[in-house]
Every structure is written in structure tokens, then in C-alpha cells.
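Just data35.txt here, compact mmCIF, C-alpha atoms:
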```
# COMPACT_ATOMS: atom_id res chain seq x y z
CA MET A 1 7.57 5.81 -33.86
CA THR A 2 7.60 9.25 -35.45
CA SER A 3 5.55 12.18 -34.24
CA ALA A 4 3.31 11.79 -37.29
CA GLU A 5 2.69 8.14 -36.42
CA LYS A 6 1.98 9.01 -32.79
CA LEU A 7 -0.46 11.69 -33.90
CA GLN A 8 -2.15 9.26 -36.27
CA ALA A 9 -2.57 6.70 -33.47
CA LEU A 10 -3.90 9.41 -31.17
CA GLN A 11 -6.38 10.56 -33.80
CA HIS A 12 -7.53 6.96 -34.26
CA ASP A 13 -8.35 6.58 -30.55
CA VAL A 14 -9.37 10.13 -29.67
CA ASP A 15 -11.22 11.87 -32.46
CA PHE A 16 -10.91 15.25 -30.73
CA PHE A 17 -7.53 15.33 -32.54
CA VAL A 18 -8.85 14.75 -36.06
CA GLY A 19 -7.63 17.62 -38.25
CA ALA A 20 -5.04 18.75 -35.71
CA THR A 21 -1.32 19.16 -36.39
CA GLU A 22 1.62 19.19 -34.01
CA HIS A 23 1.35 22.98 -33.90
CA THR A 24 -2.32 23.10 -32.96
CA PRO A 25 -2.85 24.60 -29.50
CA LEU A 26 -4.77 22.12 -27.34
CA ALA A 27 -7.06 24.88 -26.13
CA THR A 28 -8.27 25.46 -29.70
CA LEU A 29 -9.36 21.85 -30.29
CA PRO A 30 -13.14 21.75 -30.58
CA ASN A 31 -14.65 20.57 -27.28
CA TRP A 32 -11.27 20.16 -25.59
CA GLY A 33 -11.92 19.44 -21.90
CA SER A 34 -12.01 16.85 -19.14
CA LEU A 35 -13.50 14.11 -21.35
CA ALA A 36 -10.71 14.54 -23.90
CA VAL A 37 -8.12 14.44 -21.11
CA LEU A 38 -9.57 11.17 -19.86
CA LEU A 39 -9.45 9.65 -23.35
CA VAL A 40 -5.83 10.75 -23.79
CA ILE A 41 -4.92 9.08 -20.48
CA LEU A 42 -6.61 5.88 -21.65
CA HIS A 43 -4.83 6.05 -25.02
CA CYS A 44 -1.44 6.46 -23.33
CA GLU A 45 -2.11 3.55 -21.01
CA THR A 46 -3.47 1.11 -23.59
CA GLN A 47 -1.26 2.00 -26.58
CA HIS A 48 1.96 3.00 -24.86
CA GLY A 49 1.74 1.40 -21.38
CA LEU A 50 2.38 4.88 -20.10
CA VAL A 51 0.74 6.44 -17.07
CA ILE A 52 0.40 10.17 -17.52
CA SER A 53 -1.44 12.51 -15.22
CA SER A 54 -4.03 15.12 -16.11
CA ALA A 55 -1.51 17.63 -14.72
CA ASP A 56 0.98 16.42 -17.37
CA ILE A 57 -1.64 17.02 -20.06
CA HIS A 58 -2.66 20.40 -18.70
CA GLY A 59 1.05 21.32 -18.81
CA CYS A 60 1.06 20.92 -22.61
CA LYS A 61 0.28 23.93 -24.78
CA THR A 62 0.20 22.25 -28.20
CA VAL A 63 -0.54 18.82 -29.65
CA GLY A 64 3.21 18.52 -30.27
CA ASP A 65 3.93 19.03 -26.57
CA LEU A 66 1.58 16.18 -25.83
CA LEU A 67 3.22 13.90 -28.39
CA LYS A 68 6.59 14.52 -26.75
CA LEU A 69 5.25 12.85 -23.60
CA LEU A 70 4.76 9.61 -25.53
CA PRO A 71 7.63 7.14 -25.95
CA GLU A 72 9.31 6.71 -29.31
CA ARG A 73 8.70 2.95 -29.28
CA LEU A 74 5.49 1.05 -28.74
CA MET B 1 -2.60 -6.96 2.95
CA HIS B 2 -3.88 -10.45 2.29
CA SER B 3 -6.23 -12.44 4.49
CA SER B 4 -8.12 -15.69 4.01
CA ILE B 5 -11.11 -16.20 6.29
CA THR B 6 -13.07 -19.42 6.64
CA ASN B 7 -16.32 -20.50 8.33
CA VAL B 8 -18.37 -17.54 7.10
CA ARG B 9 -21.15 -17.01 4.61
CA LEU B 10 -23.04 -14.11 3.05
CA ALA B 11 -26.63 -14.70 4.14
CA GLY B 12 -28.47 -11.73 2.65
CA LEU B 13 -28.39 -8.49 0.69
CA ALA B 14 -30.63 -5.45 0.24
CA VAL B 15 -30.21 -1.97 -1.22
CA SER B 16 -32.39 1.12 -0.85
CA THR B 17 -31.76 3.96 -3.28
CA GLY B 18 -32.65 7.62 -3.33
CA SER B 19 -36.16 8.28 -4.62
CA LEU B 20 -35.53 11.23 -6.94
CA THR B 21 -34.40 10.67 -10.54
CA ARG B 22 -31.83 13.02 -12.06
CA ASP B 23 -31.35 12.89 -15.83
CA PHE B 24 -27.88 13.62 -17.18
CA MET B 25 -29.00 15.23 -20.42
CA ALA B 26 -31.78 17.31 -18.87
CA ASP B 27 -29.50 18.58 -16.08
CA GLY B 28 -26.73 19.48 -18.54
CA LEU B 29 -29.07 21.28 -20.94
CA ALA B 30 -30.56 23.22 -18.01
CA LEU B 31 -27.04 24.47 -17.27
CA GLY B 32 -26.75 25.66 -20.88
CA LEU B 33 -24.21 23.02 -21.93
CA ASP B 34 -23.76 21.90 -25.53
CA ARG B 35 -26.05 19.00 -26.50
CA VAL B 36 -23.44 17.34 -28.74
CA ILE B 37 -20.84 17.31 -25.98
CA LEU B 38 -23.38 16.06 -23.48
CA GLU B 39 -24.41 13.22 -25.78
CA ARG B 40 -20.83 12.32 -26.43
CA THR B 41 -19.98 12.33 -22.71
CA ALA B 42 -23.07 10.27 -21.94
CA GLN B 43 -22.07 7.70 -24.54
CA THR B 44 -18.38 7.54 -23.66
CA ILE B 45 -18.59 7.60 -19.88
CA GLY B 46 -21.97 5.89 -19.60
CA LEU B 47 -24.05 8.53 -17.85
CA ARG B 48 -27.83 8.36 -18.17
CA GLU B 49 -29.70 8.81 -14.92
CA ARG B 50 -29.15 8.47 -11.20
CA LYS B 51 -31.20 8.22 -8.04
CA VAL B 52 -30.59 10.83 -5.37
CA ALA B 53 -32.02 11.10 -1.89
CA ALA B 54 -35.03 13.29 -1.21
CA PRO B 55 -34.44 16.30 1.06
CA GLY B 56 -33.92 15.24 4.66
CA ILE B 57 -33.09 11.61 3.80
CA THR B 58 -29.61 10.45 4.84
CA ALA B 59 -27.47 7.36 4.36
CA LEU B 60 -28.64 6.24 7.79
CA ASP B 61 -32.28 6.34 6.66
CA LEU B 62 -31.48 4.44 3.46
CA CYS B 63 -29.51 1.76 5.33
CA GLU B 64 -32.19 1.44 8.00
CA ASP B 65 -34.77 0.78 5.30
CA ALA B 66 -32.52 -1.77 3.59
CA SER B 67 -31.84 -3.47 6.94
CA ARG B 68 -35.50 -3.72 7.88
CA ARG B 69 -36.45 -5.12 4.47
CA LEU B 70 -33.59 -7.62 4.62
CA LEU B 71 -34.46 -8.82 8.12
CA ASP B 72 -38.09 -9.22 7.02
CA ALA B 73 -37.09 -11.16 3.91
CA ALA B 74 -34.80 -13.41 5.94
CA GLY B 75 -37.37 -13.92 8.70
CA LEU B 76 -34.88 -12.76 11.33
CA ASP B 77 -35.29 -10.69 14.46
CA ALA B 78 -32.94 -7.78 15.05
CA SER B 79 -32.04 -9.26 18.43
CA SER B 80 -30.13 -12.02 16.62
CA ILE B 81 -27.49 -9.55 15.37
CA ASP B 82 -24.22 -9.53 17.30
CA ALA B 83 -22.61 -6.51 15.63
CA VAL B 84 -23.42 -3.74 13.18
CA ILE B 85 -20.76 -2.13 10.98
CA PHE B 86 -21.66 1.07 9.15
CA VAL B 87 -19.48 2.15 6.21
CA THR B 88 -20.04 5.78 5.30
CA GLN B 89 -18.40 9.12 4.62
CA THR B 90 -21.68 11.01 5.04
CA PRO B 91 -22.74 10.19 8.60
CA ASP B 92 -25.64 12.00 10.26
CA HIS B 93 -23.28 13.57 12.82
CA SER B 94 -19.59 13.73 13.60
CA GLN B 95 -20.67 12.17 16.92
CA PRO B 96 -22.23 9.68 17.59
CA ASN B 97 -21.48 7.30 14.73
CA ASN B 98 -24.13 5.97 12.36
CA ALA B 99 -23.74 2.39 13.61
CA SER B 100 -24.82 3.41 17.12
CA LEU B 101 -27.77 5.35 15.73
CA LEU B 102 -28.83 2.36 13.63
CA HIS B 103 -28.32 0.08 16.65
CA GLY B 104 -30.88 2.19 18.51
CA ARG B 105 -33.33 2.45 15.60
CA LEU B 106 -33.36 -1.31 15.00
CA GLY B 107 -33.42 -2.13 18.70
CA LEU B 108 -30.36 -4.36 18.69
CA ALA B 109 -29.29 -6.10 21.88
CA THR B 110 -27.06 -4.05 24.18
CA GLY B 111 -24.45 -6.77 23.83
CA ALA B 112 -24.20 -6.06 20.09
CA ALA B 113 -21.15 -4.09 18.99
CA ALA B 114 -21.53 -1.03 16.74
CA PHE B 115 -18.88 0.90 14.86
CA ASP B 116 -18.36 2.93 11.68
CA LEU B 117 -15.76 2.60 8.96
CA SER B 118 -14.95 5.87 7.24
CA LEU B 119 -14.47 4.65 3.68
CA GLY B 120 -16.06 5.28 0.29
CA CYS B 121 -15.94 3.16 -2.83
CA SER B 122 -13.65 0.47 -1.40
CA GLY B 123 -15.69 0.36 1.80
CA TRP B 124 -18.01 -2.55 1.13
CA VAL B 125 -15.11 -4.97 0.70
CA TYR B 126 -13.34 -3.55 3.77
CA GLY B 127 -16.58 -3.92 5.73
CA LEU B 128 -17.09 -7.45 4.47
CA GLN B 129 -13.62 -8.38 5.67
CA GLN B 130 -14.27 -6.88 9.11
CA ALA B 131 -17.64 -8.63 9.34
CA ALA B 132 -16.08 -11.93 8.33
CA LEU B 133 -13.36 -11.51 10.95
CA LEU B 134 -15.96 -10.82 13.64
CA CYS B 135 -17.77 -14.01 12.68
CA ALA B 136 -14.71 -16.20 12.25
CA HIS B 137 -12.66 -14.97 15.19
CA GLY B 138 -14.57 -12.26 17.06
CA GLY B 139 -17.35 -14.15 18.77
CA ALA B 140 -20.15 -12.97 16.48
CA ALA B 141 -22.61 -15.39 14.89
CA ARG B 142 -24.33 -12.78 12.72
CA VAL B 143 -23.14 -9.32 11.62
CA LEU B 144 -25.13 -6.62 9.89
CA LEU B 145 -22.98 -4.71 7.40
CA CYS B 146 -24.45 -1.42 6.23
CA ALA B 147 -22.79 0.76 3.62
CA GLY B 148 -24.06 3.91 2.02
CA ASP B 149 -23.59 7.55 1.24
CA THR B 150 -25.40 10.64 0.03
CA LEU B 151 -22.53 12.05 -2.01
CA SER B 152 -24.91 13.93 -4.33
CA ARG B 153 -25.27 16.45 -1.50
CA LEU B 154 -21.56 17.25 -1.55
CA THR B 155 -21.18 18.19 -5.21
CA HIS B 156 -21.57 21.61 -6.81
CA ALA B 157 -24.13 21.76 -9.63
CA LYS B 158 -21.58 23.51 -11.85
CA ASP B 159 -18.84 20.93 -11.25
CA ARG B 160 -19.28 18.59 -14.20
CA SER B 161 -16.40 16.40 -12.98
CA THR B 162 -18.44 15.24 -9.98
CA ASP B 163 -22.07 16.37 -10.02
CA PRO B 164 -23.39 14.12 -12.85
CA LEU B 165 -21.73 11.04 -11.37
CA PHE B 166 -23.13 10.34 -7.95
CA GLY B 167 -26.31 8.68 -6.77
CA ASP B 168 -27.38 8.05 -3.18
CA ALA B 169 -27.99 4.61 -1.70
CA GLY B 170 -27.77 2.50 1.42
CA SER B 171 -27.14 -1.23 1.57
CA ALA B 172 -27.51 -3.95 4.15
CA ALA B 173 -25.83 -7.35 4.21
CA LEU B 174 -25.91 -10.22 6.67
CA ILE B 175 -22.73 -12.17 7.30
CA GLU B 176 -22.92 -15.33 9.40
CA ARG B 177 -20.59 -17.82 11.04
CA THR B 178 -20.99 -21.31 9.58
CA GLY B 179 -19.23 -24.64 9.52
CA LEU B 180 -18.15 -24.07 5.93
CA ALA B 181 -14.42 -24.39 5.45
CA THR B 182 -14.38 -22.61 2.08
CA ALA B 183 -12.28 -19.45 2.39
CA TRP B 184 -12.99 -15.87 1.45
CA HIS B 185 -9.75 -14.40 0.09
CA PHE B 186 -9.23 -10.68 0.65
CA GLU B 187 -6.69 -8.16 -0.54
CA LEU B 188 -6.88 -4.72 1.10
CA GLY B 189 -4.58 -1.80 0.40
CA ALA B 190 -4.16 1.95 0.56
CA ASP B 191 -1.95 4.68 -0.86
CA GLY B 192 -2.24 7.80 1.23
CA ALA B 193 -0.18 9.73 -1.31
CA GLY B 194 -3.43 10.05 -3.26
CA ALA B 195 -5.49 11.31 -0.35
CA ASN B 196 -6.02 14.72 -1.93
CA ALA B 197 -7.28 13.29 -5.23
CA ILE B 198 -10.79 12.83 -3.79
CA ILE B 199 -11.46 15.23 -0.97
CA VAL B 200 -13.97 17.49 0.76
CA PRO B 201 -11.51 20.00 2.22
CA GLN B 202 -13.78 21.94 4.55
CA GLY B 203 -16.06 20.70 7.29
CA GLY B 204 -13.80 18.51 9.40
CA ALA B 205 -11.52 19.33 12.31
CA ARG B 206 -8.67 20.55 10.07
CA MET B 207 -10.81 23.19 8.37
CA PRO B 208 -14.07 23.63 10.32
CA HIS B 209 -17.27 24.78 8.61
CA ASP B 210 -16.99 28.29 9.97
CA SER B 211 -13.25 28.67 9.41
CA LYS B 212 -13.58 30.57 6.14
CA PRO B 213 -16.29 31.69 3.71
CA LEU B 214 -17.30 29.28 0.95
CA THR B 215 -15.93 31.03 -2.13
CA GLU B 216 -16.75 29.46 -5.51
CA ILE B 217 -13.58 28.85 -7.52
CA PRO B 218 -13.40 27.67 -11.16
CA ASP B 219 -10.82 25.03 -12.14
CA LEU B 220 -8.84 24.63 -15.38
CA ASP B 221 -11.76 22.85 -17.06
CA GLY B 222 -14.28 25.50 -16.04
CA ASN B 223 -15.85 23.47 -13.24
CA VAL B 224 -16.94 25.46 -10.20
CA ARG B 225 -16.84 24.35 -6.57
CA HIS B 226 -16.16 25.64 -3.06
CA ALA B 227 -14.14 24.13 -0.22
CA ALA B 228 -17.05 22.21 1.30
CA ASN B 229 -17.78 20.49 -2.04
CA LEU B 230 -16.42 17.14 -3.12
CA ALA B 231 -13.40 17.71 -5.38
CA MET B 232 -12.10 14.89 -7.54
CA GLN B 233 -9.09 14.78 -9.85
CA GLY B 234 -10.72 12.49 -12.41
CA GLY B 235 -7.61 11.69 -14.44
CA GLU B 236 -5.58 10.81 -11.37
CA VAL B 237 -8.39 8.67 -9.96
CA PHE B 238 -8.69 6.87 -13.29
CA ASN B 239 -4.94 6.18 -13.34
CA PHE B 240 -5.08 4.98 -9.73
CA SER B 241 -7.93 2.59 -10.57
CA LEU B 242 -6.04 1.13 -13.52
CA ARG B 243 -2.90 0.82 -11.40
CA GLN B 244 -4.29 -0.81 -8.25
CA ALA B 245 -7.51 -2.69 -9.02
CA PRO B 246 -6.16 -5.27 -11.53
CA PRO B 247 -3.29 -6.47 -9.28
CA ALA B 248 -5.67 -6.78 -6.32
CA VAL B 249 -8.09 -8.81 -8.44
CA ALA B 250 -5.24 -11.01 -9.69
CA ALA B 251 -3.99 -11.58 -6.13
CA VAL B 252 -7.30 -12.80 -4.72
CA MET B 253 -7.89 -14.99 -7.76
CA ARG B 254 -4.46 -16.51 -7.30
CA HIS B 255 -5.14 -17.29 -3.64
CA ALA B 256 -8.56 -18.73 -4.49
CA HIS B 257 -7.19 -20.70 -7.48
CA TYR B 258 -9.83 -19.06 -9.68
CA THR B 259 -9.50 -18.66 -13.43
CA VAL B 260 -11.47 -16.14 -15.44
CA GLU B 261 -13.24 -19.01 -17.18
CA ALA B 262 -14.28 -20.65 -13.90
CA THR B 263 -15.37 -17.39 -12.27
CA ASP B 264 -19.02 -16.43 -12.63
CA GLY B 265 -18.44 -12.70 -12.49
CA LEU B 266 -16.22 -9.75 -11.66
CA VAL B 267 -18.18 -7.10 -9.81
CA LEU B 268 -16.28 -3.83 -9.68
CA HIS B 269 -17.18 -0.66 -7.84
CA GLN B 270 -19.68 1.00 -10.18
CA ALA B 271 -17.80 4.26 -10.73
CA ASN B 272 -18.99 4.71 -14.30
CA ARG B 273 -19.16 2.46 -17.37
CA PHE B 274 -15.92 3.86 -18.80
CA VAL B 275 -13.92 2.95 -15.68
CA ILE B 276 -15.64 -0.42 -15.22
CA THR B 277 -15.07 -1.62 -18.78
CA THR B 278 -11.47 -0.40 -18.83
CA VAL B 279 -10.54 -1.95 -15.46
CA GLY B 280 -12.48 -5.13 -16.25
CA ARG B 281 -10.65 -5.52 -19.55
CA LYS B 282 -7.32 -5.01 -17.80
CA CYS B 283 -8.30 -7.70 -15.31
CA GLY B 284 -8.78 -10.07 -18.26
CA PHE B 285 -12.54 -10.45 -17.87
CA PRO B 286 -14.95 -10.36 -20.82
CA ALA B 287 -17.61 -7.67 -20.72
CA GLU B 288 -20.41 -10.22 -20.22
CA LYS B 289 -18.88 -11.21 -16.87
CA THR B 290 -18.36 -7.63 -15.69
CA PRO B 291 -21.66 -5.89 -14.94
CA SER B 292 -21.48 -2.22 -15.89
CA ASP B 293 -25.02 -1.04 -16.50
CA VAL B 294 -26.23 -0.58 -12.94
CA VAL B 295 -24.40 2.74 -12.74
CA GLU B 296 -26.42 4.11 -15.68
CA ARG B 297 -29.62 3.61 -13.69
CA TYR B 298 -28.47 4.63 -10.23
CA GLY B 299 -25.24 6.64 -10.55
CA ASN B 300 -22.04 6.01 -8.59
CA GLN B 301 -23.36 4.84 -5.23
CA SER B 302 -20.04 4.88 -3.38
CA SER B 303 -19.80 1.94 -0.92
CA ALA B 304 -23.30 0.70 -1.83
CA SER B 305 -22.44 0.17 -5.49
CA ILE B 306 -21.06 -3.38 -5.22
CA PRO B 307 -24.07 -4.83 -3.35
CA CYS B 308 -26.37 -2.97 -5.75
CA ALA B 309 -24.54 -4.46 -8.74
CA LEU B 310 -24.62 -7.92 -7.16
CA ILE B 311 -28.39 -7.71 -6.82
CA HIS B 312 -28.87 -6.12 -10.24
CA ALA B 313 -26.78 -8.64 -12.13
CA PHE B 314 -26.94 -11.83 -10.06
CA ALA B 315 -30.08 -11.79 -7.89
CA GLU B 316 -31.67 -14.81 -9.51
CA PRO B 317 -28.71 -17.20 -9.51
CA LEU B 318 -27.46 -15.96 -6.12
CA SER B 319 -30.85 -16.70 -4.60
CA ALA B 320 -30.70 -20.26 -5.83
CA ARG B 321 -27.11 -21.41 -5.73
CA SER B 322 -23.49 -20.65 -5.05
CA LEU B 323 -21.50 -18.46 -7.45
CA ARG B 324 -17.77 -17.92 -7.69
CA LEU B 325 -17.39 -14.15 -7.68
CA VAL B 326 -14.59 -11.62 -7.50
CA LEU B 327 -15.47 -8.20 -6.09
CA CYS B 328 -13.26 -5.12 -6.10
CA GLY B 329 -13.82 -1.61 -4.78
CA PHE B 330 -11.45 1.34 -5.16
CA GLY B 331 -11.56 5.03 -4.42
CA VAL B 332 -11.16 7.69 -1.76
CA GLY B 333 -8.06 7.43 0.36
CA TRP B 334 -6.74 6.13 -2.01
CA SER B 335 -7.86 2.70 -0.91
CA TRP B 336 -8.84 -0.55 -2.53
CA GLY B 337 -10.20 -3.93 -1.54
CA ALA B 338 -10.82 -7.15 -3.45
CA VAL B 339 -12.33 -10.47 -2.45
CA ALA B 340 -12.67 -13.81 -4.22
CA ALA B 341 -15.27 -16.12 -2.73
CA GLU B 342 -18.24 -18.35 -3.27
CA PHE B 343 -21.41 -16.46 -2.40
CA GLY B 344 -24.94 -17.87 -2.26
CA PRO B 345 -27.50 -19.12 -1.97
CA LEU B 346 -28.65 -16.09 -0.04
CA VAL B 347 -31.73 -14.01 0.73
CA ILE B 348 -32.12 -10.94 -1.47
CA ALA B 349 -34.62 -8.15 -0.92
CA PRO B 350 -35.31 -6.37 -4.23
CA THR B 351 -33.69 -2.96 -4.67
CA GLN B 352 -36.21 -0.21 -3.89
CA PRO B 353 -36.26 3.57 -3.64
CA TYR B 354 -36.78 5.11 -0.21
CA PRO B 355 -39.18 6.55 0.84
CA HIS B 356 -41.34 3.87 -0.74
CA SER B 357 -43.83 5.18 -3.27
CA ALA B 358 -47.47 5.09 -2.26
```
Would you encode the structure as C-alpha cells?
Amino acid sequence: MTSAEKLQALQHDVDFFVGATEHTPLATLPNWGSLAVLLVILHCETQHGLVISSADIHGCKTVGDLLKLLPERL
Amino acid sequence: MHSSITNVRLAGLAVSTGSLTRDFMADGLALGLDRVILERTAQTIGLRERKVAAPGITALDLCEDASRRLLDAAGLDASSIDAVIFVTQTPDHSQPNNASLLHGRLGLATGAAAFDLSLGCSGWVYGLQQAALLCAHGGAARVLLCAGDTLSRLTHAKDRSTDPLFGDAGSAALIERTGLATAWHFELGADGAGANAIIVPQGGARMPHDSKPLTEIPDLDGNVRHAANLAMQGGEVFNFSLRQAPPAVAAVMRHAHYTVEATDGLVLHQANRFVITTVGRKCGFPAEKTPSDVVERYGNQSSASIPCALIHAFAEPLSARSLRLVLCGFGVGWSWGAVAAEFGPLVIAPTQPYPHSA
């Protein structure tokens, strides 16, 4: 799964990411906050079987950093 | 830890809620928050309104009211109770415990045992297991299980990760020894590694009330709280719930030989609709068998949420007949408890706010 595909899947589940690119800083996403973090956790769990913590997400500066947490394969 | 307990039945249920209504949108707008974000959060998480206790009303008061209404509905005298268990994290005092105070208020016999369990959202299932043990093996014929909290008092108004979530309530349940051989199957567990994920740091023996000033500190998401407020790491708690609740549910269903199809309902701790629907789906239950709307009326009622959901979703059939139900609570500690059992028919006193309106 490429980064573009991961981003597309993320945008499908979490519309906070619509219009974002890998280089977009998370802090600049409109309405980025605890609700978005929760939806990202759910996306990771349901789509990737991956448990990530809110600390993991808060450690990411850009959308690309976040995508790197996700596995290459579904 | 698994246990199967026979010769017990659930004889009655009642819940008393706080009497004041708090509206999620109105509260958020009063804080100057964005309407679009509020609406989106309300829709996604399932936050609408909640019932909080009036000033001066505690979990003890709410549980006393529920107990009195339940005993009245069942036509029982308080002297017939052999033990009272009180599940709470918001007791009236650090000493004595709430169970002893309730024992005195209800006028229970001096031979009746009274003790507290310090647990939150998993507490009703833990308490049910202890009550069942007392009936099956501890010499009790009838146990009063009370569970409730006033967590709304512990949150900071500017902490949006906790303040909009919690309602206040107290529940009462009667558990009795019977000749029934049908087993209640329990799974209880804990993971102390998550103890800091839901915590009120200040106010206990480790950090007494007067040990340091209550300084308001913002977190990464802009929420504000001080050390005597309830702090919750929402993402970690969500992950914990997804990790521990489904295996516990699967384990009790396996022991009980229940299938999803043959089970009348899965009643989860009513944290919020988002958590309930996600955990319920992971447990393999369809939405129509997993009540999730009670929390939008009352808020997260901690240990009282499961009995409140049972009454809200199943009062009519439970009053008339036996249902195969799976219950699961999970939260502070971290701790979790699940039970698969046939409950009913039983006496149910309708859920009411306390103090009662004129």
C-alpha cells in the first residue's frame, strides 16, 4: 500500500484529512483536535488492525509522519 | 479470572439519576466553542444531554433513593437484606464507607455485612459477582448491590475530554439465593499498567488535598484541568476498551454456550455511543442488540450505566420473562468485567431523577 493509497483510505474514513497532502502539518488541519485523534485511532484499528496511541499521533508533525505509522500491507 | 456461580438470581433493579439536565450544545456554545465542531462531535460521539446531581446530592443519596424505591416495588423489608455492597469512587467520606452509611440509613439488621468496592465503569459487574458469591457460598440469602458516582463534580468545565461526558446516578439491585442451577459466567480482569489513564491525582493519601495549590494546566488539545480534576487519556482508554472488552465478552459467551443469535442483548458500559457501537461491532453483535442510546439521555453514569441501560432497553421483557444477556463494563484501573447469564423475570422500579419533582 503506497502512501497515496494510505492517505486516500484515511481521507475516506476521517474527512478532517480531505484536501491534505503528506506535507500538510497536522496542526494546520481545520478543526484538528481530540475528536480527529479518536477517529484516526479507530481507522488504524479497523483498517489496519493496528493499535496506535494518542501519544503516537501527537508525536507526528505532518500527515506524512502519521502515514509512516501505518503498515505497508492491509 | 473466570468464575461460574449457580443458585443465584437477579431479583430487582432501580436507578435514580441526577435531577439537573446539562445540554451538550448549550454548554459548549456558552464556552465560546465553534458550533460546527460541537455538532460534529455530538453526532460522532453521541453526546446530547446528561443528568447531573443537584448541589449537595451524592452517590449515597442517589443509591438510597433507588434502594428505597426498589424495596417498595418488591414489597420487601430492609431487614431481609443480609449484605450491602456499595460500588463507588465518589464516596461521601474517606471513612466510613458508603455501605455502612447506607446500612444505617436503611436500618439494616446488625448482622448484615456492609462493604464498598472502589471501582468505576467495570464496577457493576464486579459487584454482581461479589453479590452472587455471597449468596451462593457466603451465607447470604439476599444482597443489596448499590453502584453509583457523581463524576460530574470531578471534571473541569474547560476540559472537553471529560466534562461533557459524565452524568450522575445511583443504582440498586437485589441478588438472591435460589434453587436454580443455571450458572452466571463471569470474567473479571485488570491491567494496572493503565492506572494513570483515568485518574484524579490529588485528594487521596498520596497527594492530599492541601499538599499543593490547584493550578490550572492546559493539555496538548487545549483542555484545562487541575490536579484534583478527573483526567482521562481518551485515546488510550478507547484502545484499552477495544483490546479488553471483546475477549471478555467472547470468554463468557463461550462458557455459557451462547451464540450472538441466541443472545437477547449485549449491554456494554455506556461510555458514549462511539465506544459502544465500536466495541459492540467488534464483539460481533448487531446494533439492534447493543443498546447505545441511554448515554445520550443520561451521560456516562460510571458503575450505574449498565443497570440503567438494562432498565432503559429491557424493562418490559425483563419484568415478564427470562432473557439471555451478556453484560460488560470497562474503565478505571484499568479493569473490566463481563457476565453471561439469564436474567428475569425481575422487579423493576422505573428510572427517576432524585430529588423527585413535586
Hey, can you check how far atom CA of Ser211 of chain B sits from atom CA of Pro164 of chain B?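 Atom CA of Pro164 of chain B lies 28.5 Å from atom CA of Ser211 of chain B.
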For chain B, report every residue with an atom at most 7 Å from chain A (counting all atoms listed in the file), formatted as an NGL selection string. :B and (41 or 221 or 235-236 or 239)
Between atom CA of Cys328 of chain B and atom CA of His255 of chain B, measure the distance and give it in Å to one decimal.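 Rounded to one decimal, the two atoms are 14.8 Å apart.
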Using atom CA of Gly265 of chain B and atom CA of Ala248 of chain B as the two end points, give the distance in Å to one decimal. 15.4 Å
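Closest to Ala193 of chain B among B:Val36, B:Val237, B:Ala250, B:Leu134 is B:Val237, based on all atoms listed in the file.
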What lies within 6 Å of segment 269-273 of chain B using only C-alpha atoms, ignoring chain neighbours under 3 positions off, as a ChimeraX atom specification? /B:45-46,276-277,292,295,300,305-306,329
For Thr88 of chain B, which residue among B:Asp72, B:Asp116, B:Asp293, B:Glu187 is the nearest when counting all atoms listed in the file? B:Asp116
For Phe17 of chain A, find every residue with an atom within 8 Å (counting all atoms listed in the file), except residues of its own chain fewer than 4 positions away, and show them as a list in words. Leu10, Gln11 and Leu29 of chain A
Skip segment 108-112 of chain B itself and residues of its chain fewer than 5 positions away, then list as a PDB file with C-alpha atoms, in the coordinates of the input all residues within 7 Å of it, counting all atoms listed in the file.
```pdb
ATOM      1  CA  ALA B  78     -32.940  -7.780  15.050  1.00  0.00           C
ATOM      2  CA  SER B  79     -32.040  -9.260  18.430  1.00  0.00           C
ATOM      3  CA  ILE B  81     -27.490  -9.550  15.370  1.00  0.00           C
ATOM      4  CA  ASP B  82     -24.220  -9.530  17.300  1.00  0.00           C
ATOM      5  CA  ALA B  83     -22.610  -6.510  15.630  1.00  0.00           C
ATOM      6  CA  HIS B 103     -28.320   0.080  16.650  1.00  0.00           C
TER       7      HIS B 103
END
```
Name all residues at most 8 Å from Ala59 of chain B (count all atoms listed in the file; drop same-chain ones fewer than 4 positions away) and give them as a PDB file with C-alpha atoms, in the coordinates of the input.
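To be explicit, this is the file written out as out09.pdb:
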```
ATOM      1  CA  CYS B  63     -29.510   1.760   5.330  1.00  0.00           C
ATOM      2  CA  THR B  88     -20.040   5.780   5.300  1.00  0.00           C
ATOM      3  CA  THR B  90     -21.680  11.010   5.040  1.00  0.00           C
ATOM      4  CA  PRO B  91     -22.740  10.190   8.600  1.00  0.00           C
ATOM      5  CA  ASP B  92     -25.640  12.000  10.260  1.00  0.00           C
ATOM      6  CA  GLY B 148     -24.060   3.910   2.020  1.00  0.00           C
ATOM      7  CA  ASP B 149     -23.590   7.550   1.240  1.00  0.00           C
ATOM      8  CA  THR B 150     -25.400  10.640   0.030  1.00  0.00           C
ATOM      9  CA  ASP B 168     -27.380   8.050  -3.180  1.00  0.00           C
ATOM     10  CA  ALA B 169     -27.990   4.610  -1.700  1.00  0.00           C
ATOM     11  CA  GLY B 170     -27.770   2.500   1.420  1.00  0.00           C
TER      12      GLY B 170
END
```
For His43 of chain A, list every protein, DNA or RNA residue within 9 Å, evaluated using all atoms listed in the file, and leave out those in the same chain fewer than 6 positions away; present the list as a short mmCIF file (atom, residue, chain, number, x, y, z; two decimals) with C-alpha atoms, in the coordinates of the input.
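Okay, this is what ended up in part06.cif:
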```cif
data_model
loop_
_atom_site.label_atom_id
_atom_site.label_comp_id
_atom_site.auth_asym_id
_atom_site.auth_seq_id
_atom_site.Cartn_x
_atom_site.Cartn_y
_atom_site.Cartn_z
CA ALA A 9 -2.57 6.70 -33.47
CA LEU A 10 -3.90 9.41 -31.17
CA ASP A 13 -8.35 6.58 -30.55
CA VAL A 14 -9.37 10.13 -29.67
CA GLY A 49 1.74 1.40 -21.38
CA LEU A 50 2.38 4.88 -20.10
#
```
